[in-house]
Amino acid sequence: MQDYGFKIAQEGFDVPICEDKDLVMSSEFDMLKTAATGVVNGGDSVSHGLAYTPLFFSIDISITGKAGFVGDDGSYVDTTVYKAHIAGYQKRYYLFYQPFE
Amino acid sequence: MKPGKDIISDIPEDHIFSSKYGSVKVYAEPPDKQYLTAVVPAGGTLQLTIPHGLPFVPMVMWFAELSPGSGGWYTGAVTARSPTDFAAGSPYVPLGDPNTYVDATNIKVKYRNDTASNKTIKYYYFIFADNGE
Amino acid sequence: MGSKDIGIKVVKPGTNIDTTDIRDILMSSEFNMLKFHSEEAGSITMHPGDTDQYVDFAHSLGYVPAFIAFFKDGTKIYNINALVATNNGVYCRADASKIRCGWGFYTSSYGETTYGPTSPDLDVDYWDDYFDDVSFLHIGNKSGEGPLDGALRFDTVDIPQGATITYANLSFPFEFKGSGTNLRISTYGIAEDDTAGFTSNPMTRTKTSARTNNSLALTNTRCDIDVLSQVQEIVSRGGWVSGNAMGFLLFDNGSDSDAYVEDDRGSGLDCVLTITAVSGPNKVIDFRIIIFKDKLA
């Protein structure tokens, strides 16, 4: 017997026949799961509390009212912390439950 | 839950989704979910301005085919290009460009073309219903 | 009940389901979610001198998918696009069949070090063997003087010990020249760890086994001498240390009658030593990517 699940189609698409890319979500496909998000000053660290090195987004927000793009920031994550890049440059971070390895 | 995982598992990595934690949500993509194109003039720049319609500074993922016709897409606005695309003279966003950012009204990306011919780039974006700032 | 289609909406704990702030929504059928197609991992090894190393991850979607990519340098994980430099960077490039992650160098190579072009020639020591003079250099066969030899010394040559030399060029200007046709010279390196300044005649210092013979028409304005082997021999010495001084001995090698060139030190026309080298350990970069079902093109 197949596992039960569910899927939701995007507006204008029919669930039984649409392509995977036209779904909102499906229990068949993993999604990024947000473990934490916040804002931190450049140079500072945030402990992530996970037993692994998580995937993350980091966005530069060093100029009030402006943000950079996902991926364009030199902050990093290691086995214990998210470290915001460059003192004086504020960052918005998203830490996910997905591990790097 | 992911296949093979027990519903009672409390390990986030075992879940597809749980109301205990969210996922980043896509608020908008280009019209009809089709990539857009723009011409970066020879020896010049092109400022793209895209209103996002949200009352806050959202998180944005940006993708672009930098070397016209190459079929190769990159993520981010400021991006390292492969040596092939670099050699092809693809448009790019200079490191630290002050005209590339997301604010409470618009997405702004400014491309530069150092070659002697116009370049048509393709781009796509995901505007998230989540804080960028 | 409104006229909207019925769907699913989950909001953050403590938030009203009717919230108008979409940031309080955990999930809603109204908003697309990035759906995983696959997660992939791979690595590259950079060797000194490499200009592009990459690993490909096939995805079989038949279109260009959205993706996110990360790389690991030591113990640190970065988004790809981090640490972009002017002439190199870790990149990630998706097409309709694969995602390629790599480290590319656009105008140099991994582990590359360069020295020069040197600053104005007041930073270079000259020795003219005919006059025992440090204020100029003339080389060749000058009428009334005969064969002319000389030496040049460059200090603070920042090339690591044991580096592999990929390019080395010694160039000096023809500030003055004779009436002859061809200048013929032999150029050696000075085979010393850190050759001393030219306070005395350096012409008998130990020569490298490497030598370059050049025949240069005096219609030129400058000579370029390939000294790669000489430089390699010097930096391979056990006692060579980055930042030491490096010297060269130039001997007339049968120049035509009155075929000579002269350069005065500090005249504004520079003697130039340019070196490119690669060195250092191999470097492993690990990649992790998430390929989404969502289509870009």
# chains A, B, ... in the order shown; residues from 1 in each chain; ligands from 1

call {"tool": "closest_atom_pairs", "arguments": {"of": "chain A", "to": "chain C", "cutoff": "7 Å", "atoms": "only C-alpha atoms", "output": "Markdown table"}}
result
| residue | atom | partner | partner_atom | distance |
| --- | --- | --- | --- | --- |
| A:Ile8 | CA | C:Ser29 | CA | 6.5 |
| A:Gln10 | CA | C:Asn32 | CA | 6.7 |
| A:Asp20 | CA | C:Lys293 | CA | 6.5 |
| A:Lys21 | CA | C:Asp294 | CA | 4.8 |
| A:Val24 | CA | C:Asn32 | CA | 4.3 |
| A:Met25 | CA | C:Met33 | CA | 6.0 |
| A:Phe29 | CA | C:Phe36 | CA | 5.4 |
| A:Asp30 | CA | C:Phe36 | CA | 5.2 |
| A:Met31 | CA | C:Lys35 | CA | 5.3 |
| A:Gly71 | CA | C:Asn79 | CA | 5.1 |
| A:Asp72 | CA | C:Asn81 | CA | 5.2 |
| A:Asp73 | CA | C:Ala82 | CA | 5.2 |
| A:Gly74 | CA | C:Ala82 | CA | 4.4 |
| A:Ser75 | CA | C:Tyr78 | CA | 6.5 |
| A:Tyr76 | CA | C:Tyr78 | CA | 4.8 |
| A:Val77 | CA | C:Ile77 | CA | 5.1 |
| A:Asp78 | CA | C:Lys76 | CA | 4.9 |
| A:Phe100 | CA | C:Arg288 | CA | 6.3 |

call {"tool": "write_last_selection", "arguments": {"atoms": "C-alpha atoms", "output": "short mmCIF file (atom, residue, chain, number, x, y, z; two decimals), in the first residue's frame"}}
result
data_model
loop_
_atom_site.label_atom_id
_atom_site.label_comp_id
_atom_site.auth_asym_id
_atom_site.auth_seq_id
_atom_site.Cartn_x
_atom_site.Cartn_y
_atom_site.Cartn_z
CA ILE A 8 -1.42 21.50 -3.32
CA GLN A 10 -0.57 26.63 -7.56
CA ASP A 20 5.79 19.09 -10.00
CA LYS A 21 7.11 22.61 -10.56
CA VAL A 24 2.75 24.86 -4.02
CA MET A 25 3.98 21.95 -2.03
CA PHE A 29 9.20 16.94 -1.82
CA ASP A 30 11.24 18.30 1.02
CA MET A 31 11.28 22.03 1.67
CA GLY A 71 23.83 34.46 -1.67
CA ASP A 72 25.68 37.76 -2.03
CA ASP A 73 27.04 37.87 1.48
CA GLY A 74 30.29 36.60 2.99
CA SER A 75 28.92 35.42 6.31
CA TYR A 76 29.45 31.80 7.18
CA VAL A 77 28.19 28.98 9.35
CA ASP A 78 30.28 26.37 11.10
CA PHE A 100 25.52 20.74 4.88
#

call {"tool": "select_by_dssp", "arguments": {"residues": "chain B", "states": "alpha helix (DSSP H)", "output": "CSV table (one decimal) with N, CA and C atoms, in the first residue's frame"}}
result
chain,number,residue,atom,x,y,z
B,83,PRO,N,35.0,30.9,-15.7
B,83,PRO,CA,36.0,31.5,-16.7
B,83,PRO,C,35.4,31.6,-18.1
B,84,THR,N,34.6,30.6,-18.5
B,84,THR,CA,34.0,30.6,-19.8
B,84,THR,C,33.1,31.9,-20.0
B,85,ASP,N,32.3,32.1,-19.1
B,85,ASP,CA,31.4,33.2,-19.2
B,85,ASP,C,32.1,34.6,-19.0
B,86,PHE,N,33.1,34.5,-18.1
B,86,PHE,CA,33.9,35.7,-18.0
B,86,PHE,C,34.6,36.1,-19.3
B,87,ALA,N,35.2,35.1,-19.9
B,87,ALA,CA,35.9,35.3,-21.2
B,87,ALA,C,35.0,35.8,-22.2

call {"tool": "closest_atom_pairs", "arguments": {"of": "chain B", "to": "chain C", "cutoff": "10 Å", "atoms": "only C-alpha atoms", "output": "CSV"}}
result
residue,atom,partner,partner_atom,distance
B:Ile16,CA,C:Lys35,CA,9.9
B:Phe17,CA,C:Met27,CA,8.9
B:Ser18,CA,C:Leu26,CA,8.9
B:Ser19,CA,C:Val10,CA,6.6
B:Lys20,CA,C:Lys12,CA,7.9
B:Tyr21,CA,C:Leu26,CA,6.9
B:Gly22,CA,C:Leu26,CA,4.3
B:Ser23,CA,C:Leu26,CA,6.4
B:Val24,CA,C:Met33,CA,6.9
B:Lys25,CA,C:Met33,CA,5.3
B:Val26,CA,C:Asn32,CA,5.0
B:Tyr27,CA,C:Phe31,CA,5.7
B:Ala28,CA,C:Phe31,CA,8.0
B:Glu29,CA,C:Asn32,CA,9.4
B:Pro30,CA,C:Leu296,CA,9.8
B:Lys33,CA,C:Leu296,CA,8.0
B:Gln34,CA,C:Ala297,CA,7.1
B:Tyr35,CA,C:Ala297,CA,6.3
B:Leu36,CA,C:Ala297,CA,9.7
B:Leu54,CA,C:Ile22,CA,9.3
B:Pro55,CA,C:Asp21,CA,9.0
B:Phe56,CA,C:Arg23,CA,9.6
B:Pro58,CA,C:Arg23,CA,9.5
B:Met61,CA,C:Ile68,CA,9.2
B:Trp62,CA,C:Ala66,CA,9.5
B:Phe63,CA,C:Leu296,CA,7.8
B:Ala64,CA,C:Leu296,CA,8.9
B:Glu65,CA,C:Arg93,CA,9.0
B:Leu66,CA,C:Arg93,CA,10.0
B:Ser70,CA,C:Asp95,CA,8.6
B:Gly71,CA,C:Asp95,CA,5.4
B:Gly72,CA,C:Asp95,CA,4.8
B:Trp73,CA,C:Ala94,CA,5.0
B:Tyr74,CA,C:Arg93,CA,5.1
B:Thr75,CA,C:Ile68,CA,7.4
B:Gly76,CA,C:Asn81,CA,6.8
B:Ala77,CA,C:Asn81,CA,8.6
B:Val78,CA,C:Asn81,CA,6.9
B:Thr79,CA,C:Asn81,CA,5.1
B:Ala80,CA,C:Gly89,CA,5.1
B:Arg81,CA,C:Tyr91,CA,6.0
B:Ser82,CA,C:Gly104,CA,5.7
B:Pro83,CA,C:Tyr106,CA,5.3
B:Thr84,CA,C:Tyr106,CA,8.7
B:Asp85,CA,C:Tyr106,CA,9.6
B:Phe86,CA,C:Tyr106,CA,6.7
B:Ala87,CA,C:Tyr106,CA,7.5
B:Pro94,CA,C:Thr86,CA,9.0
B:Leu95,CA,C:Val84,CA,7.6
B:Lys122,CA,C:Ala297,CA,8.9
B:Tyr123,CA,C:Leu296,CA,8.3
B:Tyr124,CA,C:Leu296,CA,6.2
B:Tyr125,CA,C:Leu296,CA,8.4
B:Phe126,CA,C:Ala66,CA,9.3
B:Phe128,CA,C:Phe31,CA,9.0
B:Ala129,CA,C:Arg23,CA,5.7
B:Asp130,CA,C:Arg23,CA,5.3
B:Asn131,CA,C:Arg23,CA,7.2

call {"tool": "closest_residue", "arguments": {"among": "B:Ala42, B:Ile121, B:Ile127, B:Ala88", "to": "chain A", "atoms": "only C-alpha atoms"}}
result
B:Ile127

call {"tool": "select_by_dssp", "arguments": {"residues": "range 163-249 of chain C", "states": "strand (DSSP E)", "output": "PyMOL selection string"}}
result
chain C and resi 164-173+176-177+182-190+207-217+222-226+246-249

call {"tool": "interface_residues", "arguments": {"of": "chain A", "to": "chain B", "cutoff": "8 Å", "atoms": "only C-alpha atoms", "output": "list in words"}}
result
Asp3, Ser27, Glu28, Phe29, Asp30, Met31, Leu32, Lys33, Thr34, Ala35, Val39, Ile59, Ile61, Gly65, Lys66, Ala67, Gly68, Phe69, Val70, Gly71, Asp72, Lys91, Arg92, Tyr97 and Gln98 of chain A

call {"tool": "residues_around", "arguments": {"residues": "Asp133 in chain C", "least_positions_apart": "5", "cutoff": "10 Å", "atoms": "only C-alpha atoms", "output": "PDB file with N, CA, C and O atoms, in the first residue's frame"}}
result
ATOM      1  N   TYR C 126      72.254  48.911 -10.243  1.00  0.00           N
ATOM      2  CA  TYR C 126      72.951  48.754 -11.517  1.00  0.00           C
ATOM      3  C   TYR C 126      74.438  48.522 -11.254  1.00  0.00           C
ATOM      4  O   TYR C 126      74.983  48.994 -10.264  1.00  0.00           O
ATOM      5  N   TRP C 127      75.086  47.833 -12.157  1.00  0.00           N
ATOM      6  CA  TRP C 127      76.552  47.757 -12.151  1.00  0.00           C
ATOM      7  C   TRP C 127      77.026  47.757 -13.588  1.00  0.00           C
ATOM      8  O   TRP C 127      76.662  46.899 -14.376  1.00  0.00           O
ATOM      9  N   ASP C 128      77.852  48.727 -13.897  1.00  0.00           N
ATOM     10  CA  ASP C 128      78.488  48.775 -15.201  1.00  0.00           C
ATOM     11  C   ASP C 128      79.939  48.313 -15.032  1.00  0.00           C
ATOM     12  O   ASP C 128      80.735  48.956 -14.322  1.00  0.00           O
ATOM     13  N   GLY C 150      77.512  43.843 -17.530  1.00  0.00           N
ATOM     14  CA  GLY C 150      76.908  44.550 -16.397  1.00  0.00           C
ATOM     15  C   GLY C 150      76.019  43.652 -15.575  1.00  0.00           C
ATOM     16  O   GLY C 150      75.897  42.449 -15.839  1.00  0.00           O
ATOM     17  N   PHE C 198      75.326  46.174  -4.762  1.00  0.00           N
ATOM     18  CA  PHE C 198      76.505  46.314  -5.625  1.00  0.00           C
ATOM     19  C   PHE C 198      77.451  47.390  -5.072  1.00  0.00           C
ATOM     20  O   PHE C 198      77.693  48.417  -5.702  1.00  0.00           O
ATOM     21  N   THR C 199      77.976  47.110  -3.880  1.00  0.00           N
ATOM     22  CA  THR C 199      78.987  48.014  -3.319  1.00  0.00           C
ATOM     23  C   THR C 199      80.378  47.674  -3.826  1.00  0.00           C
ATOM     24  O   THR C 199      81.328  48.430  -3.635  1.00  0.00           O
ATOM     25  N   SER C 200      80.474  46.501  -4.441  1.00  0.00           N
ATOM     26  CA  SER C 200      81.717  46.101  -5.097  1.00  0.00           C
ATOM     27  C   SER C 200      81.349  45.318  -6.349  1.00  0.00           C
ATOM     28  O   SER C 200      80.186  44.991  -6.558  1.00  0.00           O
ATOM     29  N   ASN C 201      82.340  45.011  -7.155  1.00  0.00           N
ATOM     30  CA  ASN C 201      82.099  44.359  -8.446  1.00  0.00           C
ATOM     31  C   ASN C 201      81.399  43.017  -8.266  1.00  0.00           C
ATOM     32  O   ASN C 201      81.932  42.102  -7.634  1.00  0.00           O
TER      33      ASN C 201
END

call {"tool": "closest_residue", "arguments": {"among": "C:Ala259, C:Met46, C:Val235, C:Ile17", "to": "Val284 in chain C", "atoms": "only C-alpha atoms"}}
result
C:Met46

call {"tool": "residues_around", "arguments": {"residues": "Val40 in chain B", "least_positions_apart": "5", "cutoff": "12 Å", "atoms": "only C-alpha atoms", "output": "ChimeraX atom specification"}}
result
/B:45-48,66-68,89-93,109-122

call {"tool": "write_last_selection", "arguments": {"atoms": "N, CA, C and O atoms", "output": "JSON list (two decimals), in the first residue's frame"}}
result
[["chain", "number", "residue", "atom", "x", "y", "z"],
["B", 45, "THR", "N", 25.64, 50.59, -18.82],
["B", 45, "THR", "CA", 24.97, 49.93, -17.70],
["B", 45, "THR", "C", 23.46, 49.89, -17.93],
["B", 45, "THR", "O", 22.92, 50.63, -18.75],
["B", 46, "LEU", "N", 22.82, 49.02, -17.19],
["B", 46, "LEU", "CA", 21.36, 48.92, -17.22],
["B", 46, "LEU", "C", 20.86, 48.79, -15.80],
["B", 46, "LEU", "O", 21.26, 47.89, -15.08],
["B", 47, "GLN", "N", 20.00, 49.69, -15.39],
["B", 47, "GLN", "CA", 19.41, 49.63, -14.06],
["B", 47, "GLN", "C", 18.03, 48.98, -14.17],
["B", 47, "GLN", "O", 17.14, 49.53, -14.80],
["B", 48, "LEU", "N", 17.87, 47.84, -13.55],
["B", 48, "LEU", "CA", 16.56, 47.19, -13.47],
["B", 48, "LEU", "C", 15.87, 47.63, -12.18],
["B", 48, "LEU", "O", 16.50, 47.65, -11.12],
["B", 66, "LEU", "N", 23.94, 35.15, -17.48],
["B", 66, "LEU", "CA", 24.83, 36.29, -17.68],
["B", 66, "LEU", "C", 25.47, 36.31, -19.05],
["B", 66, "LEU", "O", 25.71, 37.38, -19.61],
["B", 67, "SER", "N", 25.76, 35.18, -19.58],
["B", 67, "SER", "CA", 26.37, 35.12, -20.91],
["B", 67, "SER", "C", 25.26, 34.81, -21.89],
["B", 67, "SER", "O", 24.75, 33.69, -21.91],
["B", 68, "PRO", "N", 24.82, 35.81, -22.66],
["B", 68, "PRO", "CA", 23.64, 35.63, -23.49],
["B", 68, "PRO", "C", 23.68, 34.39, -24.37],
["B", 68, "PRO", "O", 24.66, 34.14, -25.08],
["B", 89, "GLY", "N", 32.76, 37.89, -21.91],
["B", 89, "GLY", "CA", 32.42, 39.30, -21.70],
["B", 89, "GLY", "C", 31.01, 39.51, -21.23],
["B", 89, "GLY", "O", 30.34, 40.47, -21.61],
["B", 90, "SER", "N", 30.51, 38.61, -20.40],
["B", 90, "SER", "CA", 29.14, 38.71, -19.94],
["B", 90, "SER", "C", 28.93, 39.94, -19.07],
["B", 90, "SER", "O", 29.84, 40.37, -18.37],
["B", 91, "PRO", "N", 27.74, 40.53, -19.11],
["B", 91, "PRO", "CA", 27.43, 41.60, -18.15],
["B", 91, "PRO", "C", 27.52, 41.08, -16.72],
["B", 91, "PRO", "O", 27.44, 39.86, -16.48],
["B", 92, "TYR", "N", 27.68, 42.00, -15.79],
["B", 92, "TYR", "CA", 27.85, 41.60, -14.40],
["B", 92, "TYR", "C", 27.48, 42.77, -13.50],
["B", 92, "TYR", "O", 27.34, 43.91, -13.95],
["B", 93, "VAL", "N", 27.33, 42.45, -12.23],
["B", 93, "VAL", "CA", 27.12, 43.48, -11.21],
["B", 93, "VAL", "C", 28.43, 43.62, -10.45],
["B", 93, "VAL", "O", 28.91, 42.66, -9.86],
["B", 109, "VAL", "N", 18.65, 46.13, -9.54],
["B", 109, "VAL", "CA", 19.89, 45.46, -9.96],
["B", 109, "VAL", "C", 20.47, 46.25, -11.12],
["B", 109, "VAL", "O", 19.75, 46.57, -12.07],
["B", 110, "LYS", "N", 21.74, 46.55, -11.04],
["B", 110, "LYS", "CA", 22.38, 47.33, -12.10],
["B", 110, "LYS", "C", 23.49, 46.50, -12.74],
["B", 110, "LYS", "O", 24.48, 46.17, -12.09],
["B", 111, "TYR", "N", 23.30, 46.18, -13.99],
["B", 111, "TYR", "CA", 24.29, 45.40, -14.74],
["B", 111, "TYR", "C", 25.22, 46.31, -15.52],
["B", 111, "TYR", "O", 24.83, 47.39, -15.96],
["B", 112, "ARG", "N", 26.42, 45.81, -15.71],
["B", 112, "ARG", "CA", 27.43, 46.55, -16.45],
["B", 112, "ARG", "C", 27.93, 45.68, -17.60],
["B", 112, "ARG", "O", 28.11, 44.48, -17.44],
["B", 113, "ASN", "N", 28.13, 46.31, -18.74],
["B", 113, "ASN", "CA", 28.60, 45.60, -19.94],
["B", 113, "ASN", "C", 29.86, 46.29, -20.42],
["B", 113, "ASN", "O", 29.80, 47.43, -20.89],
["B", 114, "ASP", "N", 31.00, 45.60, -20.31],
["B", 114, "ASP", "CA", 32.27, 46.20, -20.70],
["B", 114, "ASP", "C", 32.63, 45.95, -22.16],
["B", 114, "ASP", "O", 33.72, 46.35, -22.59],
["B", 115, "THR", "N", 31.76, 45.27, -22.88],
["B", 115, "THR", "CA", 32.10, 44.92, -24.26],
["B", 115, "THR", "C", 31.61, 45.98, -25.24],
["B", 115, "THR", "O", 30.91, 46.92, -24.86],
["B", 116, "ALA", "N", 31.95, 45.77, -26.50],
["B", 116, "ALA", "CA", 31.60, 46.73, -27.54],
["B", 116, "ALA", "C", 30.28, 46.39, -28.23],
["B", 116, "ALA", "O", 29.94, 47.00, -29.25],
["B", 117, "SER", "N", 29.55, 45.44, -27.68],
["B", 117, "SER", "CA", 28.26, 45.10, -28.28],
["B", 117, "SER", "C", 27.21, 44.96, -27.19],
["B", 117, "SER", "O", 27.51, 44.59, -26.05],
["B", 118, "ASN", "N", 25.97, 45.28, -27.58],
["B", 118, "ASN", "CA", 24.87, 45.13, -26.63],
["B", 118, "ASN", "C", 24.75, 43.66, -26.20],
["B", 118, "ASN", "O", 25.01, 42.75, -26.98],
["B", 119, "LYS", "N", 24.34, 43.45, -24.97],
["B", 119, "LYS", "CA", 24.15, 42.10, -24.46],
["B", 119, "LYS", "C", 22.75, 41.97, -23.87],
["B", 119, "LYS", "O", 22.34, 42.80, -23.05],
["B", 120, "THR", "N", 22.04, 40.91, -24.29],
["B", 120, "THR", "CA", 20.70, 40.66, -23.75],
["B", 120, "THR", "C", 20.79, 39.59, -22.68],
["B", 120, "THR", "O", 21.20, 38.45, -22.95],
["B", 121, "ILE", "N", 20.46, 39.96, -21.46],
["B", 121, "ILE", "CA", 20.50, 38.99, -20.37],
["B", 121, "ILE", "C", 19.08, 38.52, -20.06],
["B", 121, "ILE", "O", 18.10, 39.20, -20.36],
["B", 122, "LYS", "N", 19.01, 37.36, -19.46],
["B", 122, "LYS", "CA", 17.74, 36.84, -18.95],
["B", 122, "LYS", "C", 17.82, 36.85, -17.44],
["B", 122, "LYS", "O", 18.88, 36.58, -16.86]]

call {"tool": "atom_distance", "arguments": {"atom1": "CA of Gly178 in chain C", "atom2": "CA of Asp224 in chain C"}}
result
18.2 Å

call {"tool": "atom_distance", "arguments": {"atom1": "CA of Ile50 in chain B", "atom2": "CA of Asp97 in chain B"}}
result
17.1 Å

call {"tool": "atom_distance", "arguments": {"atom1": "CA of Pro31 in chain B", "atom2": "CA of Ile291 in chain C"}}
result
22.1 Å

call {"tool": "decode", "arguments": {"residues": "range 51-65 of chain A", "atoms": "N, CA, C and O atoms", "output": "compact mmCIF listing (two decimals), in the first residue's frame"}}
result
# COMPACT_ATOMS: atom_id res chain seq x y z
N ALA A 51 23.19 20.00 15.89
CA ALA A 51 24.28 19.02 16.00
C ALA A 51 25.05 18.88 14.70
O ALA A 51 25.87 17.98 14.56
N TYR A 52 24.78 19.80 13.75
CA TYR A 52 25.44 19.73 12.45
C TYR A 52 25.58 21.15 11.93
O TYR A 52 25.07 22.09 12.55
N THR A 53 26.24 21.28 10.81
CA THR A 53 26.36 22.59 10.19
C THR A 53 25.18 22.80 9.25
O THR A 53 25.03 22.09 8.27
N PRO A 54 24.32 23.76 9.56
CA PRO A 54 23.11 23.90 8.75
C PRO A 54 23.31 24.77 7.52
O PRO A 54 24.20 25.62 7.46
N LEU A 55 22.45 24.56 6.55
CA LEU A 55 22.39 25.47 5.42
C LEU A 55 21.73 26.77 5.88
O LEU A 55 20.99 26.77 6.87
N PHE A 56 21.98 27.81 5.16
CA PHE A 56 21.52 29.11 5.64
C PHE A 56 21.42 30.11 4.50
O PHE A 56 21.96 29.90 3.41
N PHE A 57 20.68 31.16 4.73
CA PHE A 57 20.72 32.35 3.90
C PHE A 57 21.28 33.48 4.75
O PHE A 57 21.01 33.56 5.94
N SER A 58 22.01 34.34 4.12
CA SER A 58 22.53 35.52 4.81
C SER A 58 22.40 36.70 3.88
O SER A 58 22.78 36.63 2.71
N ILE A 59 21.83 37.76 4.38
CA ILE A 59 21.52 38.92 3.56
C ILE A 59 22.14 40.15 4.21
O ILE A 59 21.95 40.38 5.41
N ASP A 60 22.86 40.90 3.45
CA ASP A 60 23.46 42.12 3.97
C ASP A 60 22.40 43.20 4.11
O ASP A 60 21.68 43.49 3.17
N ILE A 61 22.32 43.78 5.29
CA ILE A 61 21.36 44.87 5.52
C ILE A 61 22.07 46.03 6.19
O ILE A 61 21.54 46.68 7.09
N SER A 62 23.29 46.29 5.75
CA SER A 62 24.12 47.29 6.41
C SER A 62 23.63 48.71 6.16
O SER A 62 23.99 49.62 6.90
N ILE A 63 22.86 48.91 5.13
CA ILE A 63 22.30 50.22 4.85
C ILE A 63 20.83 50.20 5.25
O ILE A 63 20.07 49.35 4.77
N THR A 64 20.45 51.10 6.11
CA THR A 64 19.08 51.14 6.62
C THR A 64 18.08 51.21 5.47
O THR A 64 18.22 52.04 4.57
N GLY A 65 17.12 50.31 5.50
CA GLY A 65 16.09 50.31 4.47
C GLY A 65 16.45 49.55 3.21
O GLY A 65 15.66 49.48 2.28
